Structure formats: C-alpha cells, structure tokens
Amino acid sequence: MAKNEKSKLLADLKAKAQNRRERDGDEPAMLETAPVGPRAFDFSTMPQHKQLRMMAAAAELSGIANPFFHVHEGRAGATTLCGNRTLLNFASYNYLGLNGHPEVSAAAKAAIDRYGTTVSASRLVAGERPIHHELEMALARLHGTEDAVVFVSGHATNVSTIGHLMGPKDLILCDALSHNSIVEGTRMSGATRLMFAHNDLDALEEHLTRTRSRHERCLIVVEGLYSMDGDMPDLKRLVNIKRRHDAWLMVDEAHSAGVLGAHGRGLAEEQGVDPNEIEIWMGTLSKSFAAAGGYIAGSHALIEILKAGAPGFVFSVGFPPALAGAAIKSIELLEREPWRAQKIRTNAKLFLELCREAGLDTGTAINAAVVPVIIGDSTSAVMCANRLYEAGVNVLPIIFPAVPEKQARLRFFITAEHDEAQIRETVAIVDREIRQMRTEMPAWKRLAGGG
C-alpha cells in the first residue's frame, strides 16, 4: 500500500473512531486548540499573584513586616518560642490548656501503638475503628445529644453537612459574621442564602416572614461564640423563632465548646436551653480538645444521613487514631476538671476589664475566650501587631476583608493556662504600644481616623 493511501486510511479510521466515541458517549471528543504559550501555566501571571506581590512591595516600601507565618519552635501554650525568644502567646486556640497535657499525649501515643498513624481508608470501606465510636459517644455526651459523627476537617464539616442537607429549593439564613465554611456550605447546596445583620434577630424574623413560605426546608445557622467579635447569640429566642417558622437551627460551637457554660458544655449550658431543642450542633476538635477535625452532634437520624451521604465523611479517610485518642482524653479531662472552663472566663473577665479601663475598644466582646482590640485601619493593625511582637506579645491582626476596613483589630485568645500576671503585663504592653504608635502616626492619618 502506498504511503499516501496508508495515511488516508489511518485518518479515516481515526475519524470513524472519534465519531463512534462521540455517538456512544464513551469519552469526550478531543478538540483542537491553539498552541499554548510558554507562560500559559505560570501561576505568577495570575491576577491574584500579581496583587499579592504588589501588596508585599507596598508593605516593604512602608517598612511594614509581614506579621503572619512566624515560626514557633515548641508547644502552643500561654507562652511560645519564636527565634529563641519566649513571647506571651495570645494567638492559640488551646483554650483549655490541654495541648501537651501528659494524659492527652499518652492517649495519642497509645492510639498510635494500637492502630498506627492512619486507619488507611474511609470508614465505609475499611477504616472503621472502635476509637471512632468512643469519640463520637463522648461528643454526644458532652452536647447532651443522641449521637455524633466526626469529620477529618472542621471546615469540611460545615461545607459537607450544609451542602448535603440543603438543596436548591431550600432557604438558609446566616448571621452576617458567619465563618467561611458556613458560606461555602451554602454555596455548595445551591439553596437561597440570606444574611442578617450580626445578632439582629429582628432582621432574621423579617427575612423569615417575607420569604419562608417560598421554600421547602429552612435552616438558620449561627455561632456559639463568634470568632471575630467574641460575643454570642440569644439561643432561647432563636429556638422560639425557628419553631414559629418551621426551620432547623444549626449552632457552630467551634469556639464555644469547652468554653461556655459552667462545665464547658457550650452555648446551651451557658443559656439554660435543652440541647435537643437544636437540630444540629457543630464543633471542631482543634481548639478546646487538643486535636484537629470537626464533628456534628444531634439525633440518630441526622447522624445516619450524614454517615451515608455527606461527601466530607464518605469520601475522606477515617479520622486519625492519635487525634481521636487526644480528643477523647481532652473531653474526659474537661468533665473531670470543669475548673478549666471556669478559668477561661475568669481570665477573660480580667483581660476585658483591664482593656476597658485603659480605654481600648473591645467591641461587643463578653468575658469569654475571644477578645478583640479594635485598632481601625488594616495598616495600623498590622503595624501594632508587629510592635507587640517585638515587645514580647504574640497576637495576630485581623484585617480587611476578614473584617470591615475600619474595624481591623488584634484578636486575643484567652486560655485557662494564662495567669493573672501575664494578663496584666500584656494589657499594659498593648496600651503602651498603641499610645506610642498613635503619637508617632502622621497628623493627616490621625485626622482621617487611622488607628
């Protein structure tokens, strides 16, 4: 066969095979595309990266160091070690002071000795272990619910749960200060999302009265302790609202489990509400419970639905043994030593009182584990955090877009490990550095309200 005939035959065969694939749906047709330039896959050409580089250059020109990603060379506790310097530490979620506790560390090591470092599969396939059930029963006991399920990621817990339970015909109402994981879960669900002003339950009722009847199911999502402002919602009123409007209520207890309530059982204990009045309790294990991951607590039926279909559970590896062991022991210690939760409140009350005596703006914070000190614009908040770092206090700025530009702040996490002397010293340093920074600030910026 001549060369030209072979080429024509090969081309015909390829065309017939392509037509058959397109007809049968075996695989998508391969479309011819224009040649790709050498920089087409260079991420440095993306607008996001260019913006980051511009921001870094502007900060460098202004002499402002990056306050993020400091390397910590030891355990996160009331103090931390950075560059061979010991700093007072207020940038850790170690609320109950259980990270590195001997019993917690021993429990994690024992779990590794028995199960290894991973369960090596999703729990549906071959990853189920007795330690998972033990942890979930401890969480259900803590929250006073029938059951619980653990996810390997706190963020994925909200995304998967909301995305799985709700759909395009449904309505979700979220507090305006809701965590990104709640927002992403709503987006994934396809449901209609309405935001109401922070802790404005009158606005929530107005939304429900106007729109509830247009949707099948309805979910209200709030947080037990808001991570930017350190305040909490009115749970009793929320229960009344959700009853009247035939809605589910979901409470994200990421920052309130282990913190609120006389025994650290969270918002329901704090406000004297039967936890079974709330359909969905969410929490994380990375804060009070010295581990990582997230969980949902609620009825048996809810947990069965999530275990059967929530993508963050079904398609993820089972929870790591060491983290399960650490979390179980942390819950046991909280139950045995409720003084830990009480100490957080005592410390936070002192911190808040001292800040207010100094004239520092702490917004709507209550005497709980999160206390913001509102600075003003983002640049001033970053500069202040850097000054405090040099002065021996590790605290991070929260800047736009995480908060509105004129509400940039330093966010202090108060733990059971802090002592009175550390709190008094820290507030004195904060007050001194803010006053000094404002004195040094250019006059035009003071007049504009910066800092």
# chains A, B, ... in the order shown; residues from 1 in each chain; ligands from 1

$ select_by_dssp --residues "segment 162-259 of chain A" --states "alpha helix (DSSP H)" --output "ChimeraX atom specification"
/A:162-165,180-189,201-211,235-244

$ write_last_selection --atoms "N, CA and C atoms" --output "short mmCIF file (atom, residue, chain, number, x, y, z; two decimals), in the first residue's frame"
data_model
loop_
_atom_site.label_atom_id
_atom_site.label_comp_id
_atom_site.auth_asym_id
_atom_site.auth_seq_id
_atom_site.Cartn_x
_atom_site.Cartn_y
_atom_site.Cartn_z
N ILE A 162 -23.96 21.17 55.52
CA ILE A 162 -24.93 22.10 54.93
C ILE A 162 -25.19 21.74 53.47
N GLY A 163 -24.11 21.45 52.74
CA GLY A 163 -24.25 21.11 51.33
C GLY A 163 -25.05 19.85 51.09
N HIS A 164 -24.96 18.89 52.03
CA HIS A 164 -25.67 17.62 51.86
C HIS A 164 -27.14 17.71 52.29
N LEU A 165 -27.41 18.46 53.34
CA LEU A 165 -28.78 18.51 53.87
C LEU A 165 -29.70 19.44 53.08
N ASN A 180 -16.39 31.31 57.01
CA ASN A 180 -16.31 30.97 55.59
C ASN A 180 -16.85 29.57 55.30
N SER A 181 -16.65 28.62 56.19
CA SER A 181 -17.12 27.25 55.96
C SER A 181 -18.65 27.19 55.86
N ILE A 182 -19.34 28.05 56.60
CA ILE A 182 -20.80 28.10 56.51
C ILE A 182 -21.21 28.68 55.16
N VAL A 183 -20.55 29.74 54.76
CA VAL A 183 -20.85 30.37 53.47
C VAL A 183 -20.60 29.39 52.32
N GLU A 184 -19.47 28.67 52.38
CA GLU A 184 -19.15 27.72 51.31
C GLU A 184 -20.13 26.55 51.30
N GLY A 185 -20.58 26.11 52.47
CA GLY A 185 -21.57 25.04 52.51
C GLY A 185 -22.87 25.46 51.87
N THR A 186 -23.27 26.71 52.12
CA THR A 186 -24.48 27.24 51.49
C THR A 186 -24.33 27.30 49.98
N ARG A 187 -23.17 27.77 49.55
CA ARG A 187 -22.91 27.85 48.11
C ARG A 187 -22.99 26.47 47.46
N MET A 188 -22.40 25.48 48.12
CA MET A 188 -22.41 24.12 47.58
C MET A 188 -23.83 23.55 47.50
N SER A 189 -24.68 23.91 48.45
CA SER A 189 -26.04 23.36 48.49
C SER A 189 -26.91 23.87 47.35
N LEU A 201 -31.76 39.57 65.60
CA LEU A 201 -32.81 38.57 65.43
C LEU A 201 -34.12 39.17 64.94
N ASP A 202 -34.29 40.48 65.08
CA ASP A 202 -35.45 41.14 64.47
C ASP A 202 -35.32 41.05 62.94
N ALA A 203 -34.11 41.29 62.43
CA ALA A 203 -33.88 41.18 60.99
C ALA A 203 -34.09 39.75 60.51
N LEU A 204 -33.66 38.78 61.32
CA LEU A 204 -33.87 37.38 60.97
C LEU A 204 -35.37 37.08 60.84
N GLU A 205 -36.14 37.54 61.80
CA GLU A 205 -37.60 37.32 61.74
C GLU A 205 -38.22 37.97 60.51
N GLU A 206 -37.77 39.15 60.17
CA GLU A 206 -38.30 39.84 58.99
C GLU A 206 -38.03 39.04 57.73
N HIS A 207 -36.80 38.52 57.61
CA HIS A 207 -36.47 37.68 56.45
C HIS A 207 -37.39 36.46 56.39
N LEU A 208 -37.57 35.80 57.51
CA LEU A 208 -38.39 34.59 57.55
C LEU A 208 -39.85 34.89 57.21
N THR A 209 -40.38 35.95 57.76
CA THR A 209 -41.78 36.32 57.49
C THR A 209 -41.98 36.60 56.01
N ARG A 210 -41.01 37.21 55.38
CA ARG A 210 -41.13 37.60 53.98
C ARG A 210 -40.87 36.45 53.01
N THR A 211 -39.98 35.51 53.36
CA THR A 211 -39.51 34.55 52.35
C THR A 211 -39.73 33.08 52.69
N LEU A 235 -29.84 32.29 72.33
CA LEU A 235 -30.27 30.96 71.90
C LEU A 235 -31.75 30.71 72.19
N LYS A 236 -32.23 31.16 73.32
CA LYS A 236 -33.65 30.94 73.65
C LYS A 236 -34.56 31.58 72.61
N ARG A 237 -34.24 32.80 72.22
CA ARG A 237 -35.07 33.45 71.21
C ARG A 237 -34.93 32.75 69.86
N LEU A 238 -33.75 32.30 69.52
CA LEU A 238 -33.56 31.58 68.26
C LEU A 238 -34.42 30.33 68.21
N VAL A 239 -34.50 29.61 69.33
CA VAL A 239 -35.34 28.41 69.38
C VAL A 239 -36.80 28.78 69.13
N ASN A 240 -37.27 29.86 69.73
CA ASN A 240 -38.66 30.30 69.52
C ASN A 240 -38.90 30.70 68.07
N ILE A 241 -37.92 31.38 67.47
CA ILE A 241 -38.06 31.81 66.08
C ILE A 241 -38.12 30.61 65.15
N LYS A 242 -37.24 29.67 65.34
CA LYS A 242 -37.20 28.52 64.41
C LYS A 242 -38.45 27.67 64.54
N ARG A 243 -39.03 27.59 65.75
CA ARG A 243 -40.29 26.86 65.92
C ARG A 243 -41.42 27.52 65.14
N ARG A 244 -41.54 28.85 65.29
CA ARG A 244 -42.65 29.56 64.64
C ARG A 244 -42.56 29.50 63.12
#

$ select_by_dssp --residues "segment 87-323 of chain A" --states "strand (DSSP E)" --output "JSON, numbers by chain"
{"A": [87, 88, 89, 147, 148, 149, 150, 151, 171, 172, 173, 174, 175, 192, 193, 194, 195, 196, 218, 219, 220, 221, 222, 223, 248, 249, 250, 251, 252, 280, 281, 282, 283, 284, 294, 295, 296, 297, 298]}

$ write_last_selection --atoms "C-alpha atoms" --output "PDB file, in the first residue's frame"
ATOM      1  CA  LEU A  87       6.737  35.513  73.975  1.00  0.00           C
ATOM      2  CA  LEU A  88       3.426  35.857  75.793  1.00  0.00           C
ATOM      3  CA  ASN A  89       1.091  33.959  73.493  1.00  0.00           C
ATOM      4  CA  ASP A 147     -25.319  10.730  68.562  1.00  0.00           C
ATOM      5  CA  ALA A 148     -22.396  12.399  66.793  1.00  0.00           C
ATOM      6  CA  VAL A 149     -20.161  11.930  63.754  1.00  0.00           C
ATOM      7  CA  VAL A 150     -16.544  13.053  63.318  1.00  0.00           C
ATOM      8  CA  PHE A 151     -15.050  14.545  60.141  1.00  0.00           C
ATOM      9  CA  LEU A 171     -33.590  28.586  52.300  1.00  0.00           C
ATOM     10  CA  ILE A 172     -30.578  29.206  54.551  1.00  0.00           C
ATOM     11  CA  LEU A 173     -30.320  32.217  56.844  1.00  0.00           C
ATOM     12  CA  CYS A 174     -26.870  33.042  58.236  1.00  0.00           C
ATOM     13  CA  ASP A 175     -25.511  35.650  60.586  1.00  0.00           C
ATOM     14  CA  THR A 192     -31.089  30.562  48.627  1.00  0.00           C
ATOM     15  CA  ARG A 193     -28.900  32.307  51.207  1.00  0.00           C
ATOM     16  CA  LEU A 194     -29.938  35.389  53.162  1.00  0.00           C
ATOM     17  CA  MET A 195     -27.601  37.123  55.599  1.00  0.00           C
ATOM     18  CA  PHE A 196     -28.960  39.016  58.590  1.00  0.00           C
ATOM     19  CA  CYS A 218     -35.239  26.186  56.023  1.00  0.00           C
ATOM     20  CA  LEU A 219     -32.008  26.289  58.032  1.00  0.00           C
ATOM     21  CA  ILE A 220     -30.853  29.023  60.424  1.00  0.00           C
ATOM     22  CA  VAL A 221     -27.091  28.997  61.132  1.00  0.00           C
ATOM     23  CA  VAL A 222     -25.402  30.875  63.985  1.00  0.00           C
ATOM     24  CA  GLU A 223     -22.205  30.518  66.008  1.00  0.00           C
ATOM     25  CA  TRP A 248     -33.922  23.847  61.553  1.00  0.00           C
ATOM     26  CA  LEU A 249     -31.373  25.543  63.806  1.00  0.00           C
ATOM     27  CA  MET A 250     -27.646  24.858  63.487  1.00  0.00           C
ATOM     28  CA  VAL A 251     -25.143  26.181  66.038  1.00  0.00           C
ATOM     29  CA  ASP A 252     -21.432  26.238  65.197  1.00  0.00           C
ATOM     30  CA  ILE A 280     -27.645  20.464  64.562  1.00  0.00           C
ATOM     31  CA  TRP A 281     -24.642  21.087  66.807  1.00  0.00           C
ATOM     32  CA  MET A 282     -21.336  21.573  65.028  1.00  0.00           C
ATOM     33  CA  GLY A 283     -17.915  21.800  66.632  1.00  0.00           C
ATOM     34  CA  THR A 284     -14.205  21.449  65.998  1.00  0.00           C
ATOM     35  CA  GLY A 294     -14.758  18.603  63.207  1.00  0.00           C
ATOM     36  CA  TYR A 295     -17.997  16.943  64.235  1.00  0.00           C
ATOM     37  CA  ILE A 296     -21.771  17.116  64.142  1.00  0.00           C
ATOM     38  CA  ALA A 297     -23.893  16.169  67.158  1.00  0.00           C
ATOM     39  CA  GLY A 298     -27.647  15.607  67.021  1.00  0.00           C
TER      40      GLY A 298
END

$ residues_around --residues "Pro130 of chain A" --least-positions-apart "2" --cutoff "12 Å" --atoms "only C-alpha atoms" --output "ChimeraX atom specification"
/A:111,114-115,119,123,127-128,132-137,318-319,321,324-325

$ closest_residue --among "A:Ala197, A:Leu354, A:Leu285, A:Ala341" --to "Gly266 of chain A" --atoms "only C-alpha atoms"
A:Ala341

$ atom_distance --atom1 "atom CA of Pro404 of chain A" --atom2 "atom CA of Ile344 of chain A"
28.0 Å

$ closest_residue --among "A:Leu96, A:Ala56, A:Leu225, A:Arg356" --to "Pro338 of chain A" --atoms "only C-alpha atoms"
A:Leu96

$ closest_residue --among "A:Thr161, A:Thr45, A:Asn347, A:Thr426" --to "Leu306 of chain A" --atoms "only C-alpha atoms"
A:Thr161

$ closest_residue --among "A:Glu390, A:Asp200, A:Glu279, A:Asp229" --to "Gly363 of chain A" --atoms "only C-alpha atoms"
A:Asp229

$ closest_residue --among "A:Leu124, A:Ile131, A:Met55, A:Ala91" --to "Leu410 of chain A" --atoms "only C-alpha atoms"
A:Ala91

$ closest_residue --among "A:Phe413, A:Ala290, A:Leu350, A:Ile375" --to "Ala107 of chain A" --atoms "only C-alpha atoms"
A:Ala290

$ residues_around --residues "Thr415 of chain A" --least-positions-apart "2" --cutoff "10 Å" --atoms "only C-alpha atoms" --output "ChimeraX atom specification"
/A:77-78,89-90,92-97,259,288,340-341,343-348,368-370,412-413,417-419

$ atom_distance --atom1 "atom CA of Ala322 of chain A" --atom2 "atom CA of Ala108 of chain A"
4.2 Å

$ atom_distance --atom1 "atom CA of Pro320 of chain A" --atom2 "atom CA of Phe68 of chain A"
28.1 Å

$ decode --residues "segment 234-349 of chain A" --atoms "C-alpha atoms" --output "PDB file, in the first residue's frame"
ATOM      1  CA  ASP A 234     -29.659  34.702  72.133  1.00  0.00           C
ATOM      2  CA  LEU A 235     -30.275  30.965  71.897  1.00  0.00           C
ATOM      3  CA  LYS A 236     -33.650  30.939  73.649  1.00  0.00           C
ATOM      4  CA  ARG A 237     -35.068  33.446  71.211  1.00  0.00           C
ATOM      5  CA  LEU A 238     -33.561  31.585  68.262  1.00  0.00           C
ATOM      6  CA  VAL A 239     -35.343  28.412  69.379  1.00  0.00           C
ATOM      7  CA  ASN A 240     -38.655  30.297  69.519  1.00  0.00           C
ATOM      8  CA  ILE A 241     -38.058  31.806  66.083  1.00  0.00           C
ATOM      9  CA  LYS A 242     -37.201  28.523  64.407  1.00  0.00           C
ATOM     10  CA  ARG A 243     -40.294  26.856  65.919  1.00  0.00           C
ATOM     11  CA  ARG A 244     -42.646  29.564  64.637  1.00  0.00           C
ATOM     12  CA  HIS A 245     -41.175  29.466  61.148  1.00  0.00           C
ATOM     13  CA  ASP A 246     -40.697  25.690  60.822  1.00  0.00           C
ATOM     14  CA  ALA A 247     -36.912  25.862  60.452  1.00  0.00           C
ATOM     15  CA  TRP A 248     -33.922  23.847  61.553  1.00  0.00           C
ATOM     16  CA  LEU A 249     -31.373  25.543  63.806  1.00  0.00           C
ATOM     17  CA  MET A 250     -27.646  24.858  63.487  1.00  0.00           C
ATOM     18  CA  VAL A 251     -25.143  26.181  66.038  1.00  0.00           C
ATOM     19  CA  ASP A 252     -21.432  26.238  65.197  1.00  0.00           C
ATOM     20  CA  GLU A 253     -19.653  25.676  68.522  1.00  0.00           C
ATOM     21  CA  ALA A 254     -16.103  25.816  67.176  1.00  0.00           C
ATOM     22  CA  HIS A 255     -15.110  28.470  69.728  1.00  0.00           C
ATOM     23  CA  SER A 256     -17.737  27.826  72.425  1.00  0.00           C
ATOM     24  CA  ALA A 257     -17.452  24.087  73.143  1.00  0.00           C
ATOM     25  CA  GLY A 258     -15.230  23.728  76.196  1.00  0.00           C
ATOM     26  CA  VAL A 259     -15.518  27.467  76.849  1.00  0.00           C
ATOM     27  CA  LEU A 260     -19.127  28.484  77.555  1.00  0.00           C
ATOM     28  CA  GLY A 261     -21.177  27.026  80.397  1.00  0.00           C
ATOM     29  CA  ALA A 262     -20.165  26.121  83.942  1.00  0.00           C
ATOM     30  CA  HIS A 263     -18.864  22.751  82.744  1.00  0.00           C
ATOM     31  CA  GLY A 264     -17.733  23.844  79.269  1.00  0.00           C
ATOM     32  CA  ARG A 265     -20.676  22.184  77.514  1.00  0.00           C
ATOM     33  CA  GLY A 266     -21.233  25.190  75.298  1.00  0.00           C
ATOM     34  CA  LEU A 267     -23.963  27.681  74.479  1.00  0.00           C
ATOM     35  CA  ALA A 268     -26.909  25.534  75.592  1.00  0.00           C
ATOM     36  CA  GLU A 269     -25.464  25.154  79.077  1.00  0.00           C
ATOM     37  CA  GLU A 270     -24.494  28.828  79.175  1.00  0.00           C
ATOM     38  CA  GLN A 271     -28.041  29.975  78.464  1.00  0.00           C
ATOM     39  CA  GLY A 272     -30.035  27.171  80.087  1.00  0.00           C
ATOM     40  CA  VAL A 273     -31.509  25.670  76.909  1.00  0.00           C
ATOM     41  CA  ASP A 274     -32.286  21.982  76.322  1.00  0.00           C
ATOM     42  CA  PRO A 275     -29.698  20.996  73.676  1.00  0.00           C
ATOM     43  CA  ASN A 276     -32.221  18.733  71.986  1.00  0.00           C
ATOM     44  CA  GLU A 277     -34.209  21.825  71.004  1.00  0.00           C
ATOM     45  CA  ILE A 278     -31.441  22.495  68.462  1.00  0.00           C
ATOM     46  CA  GLU A 279     -31.332  20.163  65.470  1.00  0.00           C
ATOM     47  CA  ILE A 280     -27.645  20.464  64.562  1.00  0.00           C
ATOM     48  CA  TRP A 281     -24.642  21.087  66.807  1.00  0.00           C
ATOM     49  CA  MET A 282     -21.336  21.573  65.028  1.00  0.00           C
ATOM     50  CA  GLY A 283     -17.915  21.800  66.632  1.00  0.00           C
ATOM     51  CA  THR A 284     -14.205  21.449  65.998  1.00  0.00           C
ATOM     52  CA  LEU A 285     -11.599  19.391  67.825  1.00  0.00           C
ATOM     53  CA  SER A 286      -8.685  21.719  67.095  1.00  0.00           C
ATOM     54  CA  LYS A 287      -9.420  24.213  69.856  1.00  0.00           C
ATOM     55  CA  SER A 288     -10.570  23.049  73.290  1.00  0.00           C
ATOM     56  CA  PHE A 289      -9.864  19.392  72.541  1.00  0.00           C
ATOM     57  CA  ALA A 290      -6.200  19.455  71.503  1.00  0.00           C
ATOM     58  CA  ALA A 291      -6.656  17.626  68.202  1.00  0.00           C
ATOM     59  CA  ALA A 292      -7.995  18.527  64.740  1.00  0.00           C
ATOM     60  CA  GLY A 293     -11.083  17.889  62.636  1.00  0.00           C
ATOM     61  CA  GLY A 294     -14.758  18.603  63.207  1.00  0.00           C
ATOM     62  CA  TYR A 295     -17.997  16.943  64.235  1.00  0.00           C
ATOM     63  CA  ILE A 296     -21.771  17.116  64.142  1.00  0.00           C
ATOM     64  CA  ALA A 297     -23.893  16.169  67.158  1.00  0.00           C
ATOM     65  CA  GLY A 298     -27.647  15.607  67.021  1.00  0.00           C
ATOM     66  CA  SER A 299     -30.284  12.919  66.589  1.00  0.00           C
ATOM     67  CA  HIS A 300     -29.589   9.347  65.459  1.00  0.00           C
ATOM     68  CA  ALA A 301     -31.464  10.051  62.223  1.00  0.00           C
ATOM     69  CA  LEU A 302     -29.336  13.103  61.397  1.00  0.00           C
ATOM     70  CA  ILE A 303     -26.098  11.231  62.009  1.00  0.00           C
ATOM     71  CA  GLU A 304     -27.244   8.265  59.897  1.00  0.00           C
ATOM     72  CA  ILE A 305     -27.990  10.625  56.994  1.00  0.00           C
ATOM     73  CA  LEU A 306     -24.559  12.238  57.228  1.00  0.00           C
ATOM     74  CA  LYS A 307     -22.681   8.956  57.547  1.00  0.00           C
ATOM     75  CA  ALA A 308     -24.467   7.637  54.470  1.00  0.00           C
ATOM     76  CA  GLY A 309     -24.002  10.612  52.167  1.00  0.00           C
ATOM     77  CA  ALA A 310     -22.071  13.662  53.403  1.00  0.00           C
ATOM     78  CA  PRO A 311     -19.130  13.882  50.967  1.00  0.00           C
ATOM     79  CA  GLY A 312     -16.641  15.117  53.581  1.00  0.00           C
ATOM     80  CA  PHE A 313     -17.297  11.895  55.510  1.00  0.00           C
ATOM     81  CA  VAL A 314     -17.994   9.316  52.799  1.00  0.00           C
ATOM     82  CA  PHE A 315     -15.100  10.258  50.520  1.00  0.00           C
ATOM     83  CA  SER A 316     -12.479  11.094  53.156  1.00  0.00           C
ATOM     84  CA  VAL A 317     -10.141   8.812  55.056  1.00  0.00           C
ATOM     85  CA  GLY A 318     -11.241   7.870  58.562  1.00  0.00           C
ATOM     86  CA  PHE A 319     -10.285  10.066  61.497  1.00  0.00           C
ATOM     87  CA  PRO A 320      -6.597   9.602  62.557  1.00  0.00           C
ATOM     88  CA  PRO A 321      -6.143   7.429  65.666  1.00  0.00           C
ATOM     89  CA  ALA A 322      -3.783   9.772  67.509  1.00  0.00           C
ATOM     90  CA  LEU A 323      -6.171  12.707  67.156  1.00  0.00           C
ATOM     91  CA  ALA A 324      -9.112  10.589  68.265  1.00  0.00           C
ATOM     92  CA  GLY A 325      -7.200   9.454  71.347  1.00  0.00           C
ATOM     93  CA  ALA A 326      -6.191  13.032  72.174  1.00  0.00           C
ATOM     94  CA  ALA A 327      -9.742  14.348  71.774  1.00  0.00           C
ATOM     95  CA  ILE A 328     -11.292  11.587  73.902  1.00  0.00           C
ATOM     96  CA  LYS A 329      -8.867  12.252  76.734  1.00  0.00           C
ATOM     97  CA  SER A 330      -9.405  16.027  76.431  1.00  0.00           C
ATOM     98  CA  ILE A 331     -13.162  15.596  76.839  1.00  0.00           C
ATOM     99  CA  GLU A 332     -12.590  13.324  79.835  1.00  0.00           C
ATOM    100  CA  LEU A 333     -10.323  15.934  81.421  1.00  0.00           C
ATOM    101  CA  LEU A 334     -12.886  18.692  80.860  1.00  0.00           C
ATOM    102  CA  GLU A 335     -15.559  16.552  82.533  1.00  0.00           C
ATOM    103  CA  ARG A 336     -13.222  15.753  85.414  1.00  0.00           C
ATOM    104  CA  GLU A 337     -11.801  19.255  85.759  1.00  0.00           C
ATOM    105  CA  PRO A 338     -14.512  21.833  84.967  1.00  0.00           C
ATOM    106  CA  TRP A 339     -12.300  24.474  86.580  1.00  0.00           C
ATOM    107  CA  ARG A 340     -10.555  24.740  83.216  1.00  0.00           C
ATOM    108  CA  ALA A 341     -13.624  26.247  81.541  1.00  0.00           C
ATOM    109  CA  GLN A 342     -14.223  28.459  84.556  1.00  0.00           C
ATOM    110  CA  LYS A 343     -10.610  29.691  84.500  1.00  0.00           C
ATOM    111  CA  ILE A 344     -11.028  30.850  80.899  1.00  0.00           C
ATOM    112  CA  ARG A 345     -13.966  33.023  81.942  1.00  0.00           C
ATOM    113  CA  THR A 346     -12.094  34.433  84.940  1.00  0.00           C
ATOM    114  CA  ASN A 347      -9.086  35.274  82.784  1.00  0.00           C
ATOM    115  CA  ALA A 348     -11.218  36.768  80.008  1.00  0.00           C
ATOM    116  CA  LYS A 349     -13.150  38.895  82.504  1.00  0.00           C
TER     117      LYS A 349
END
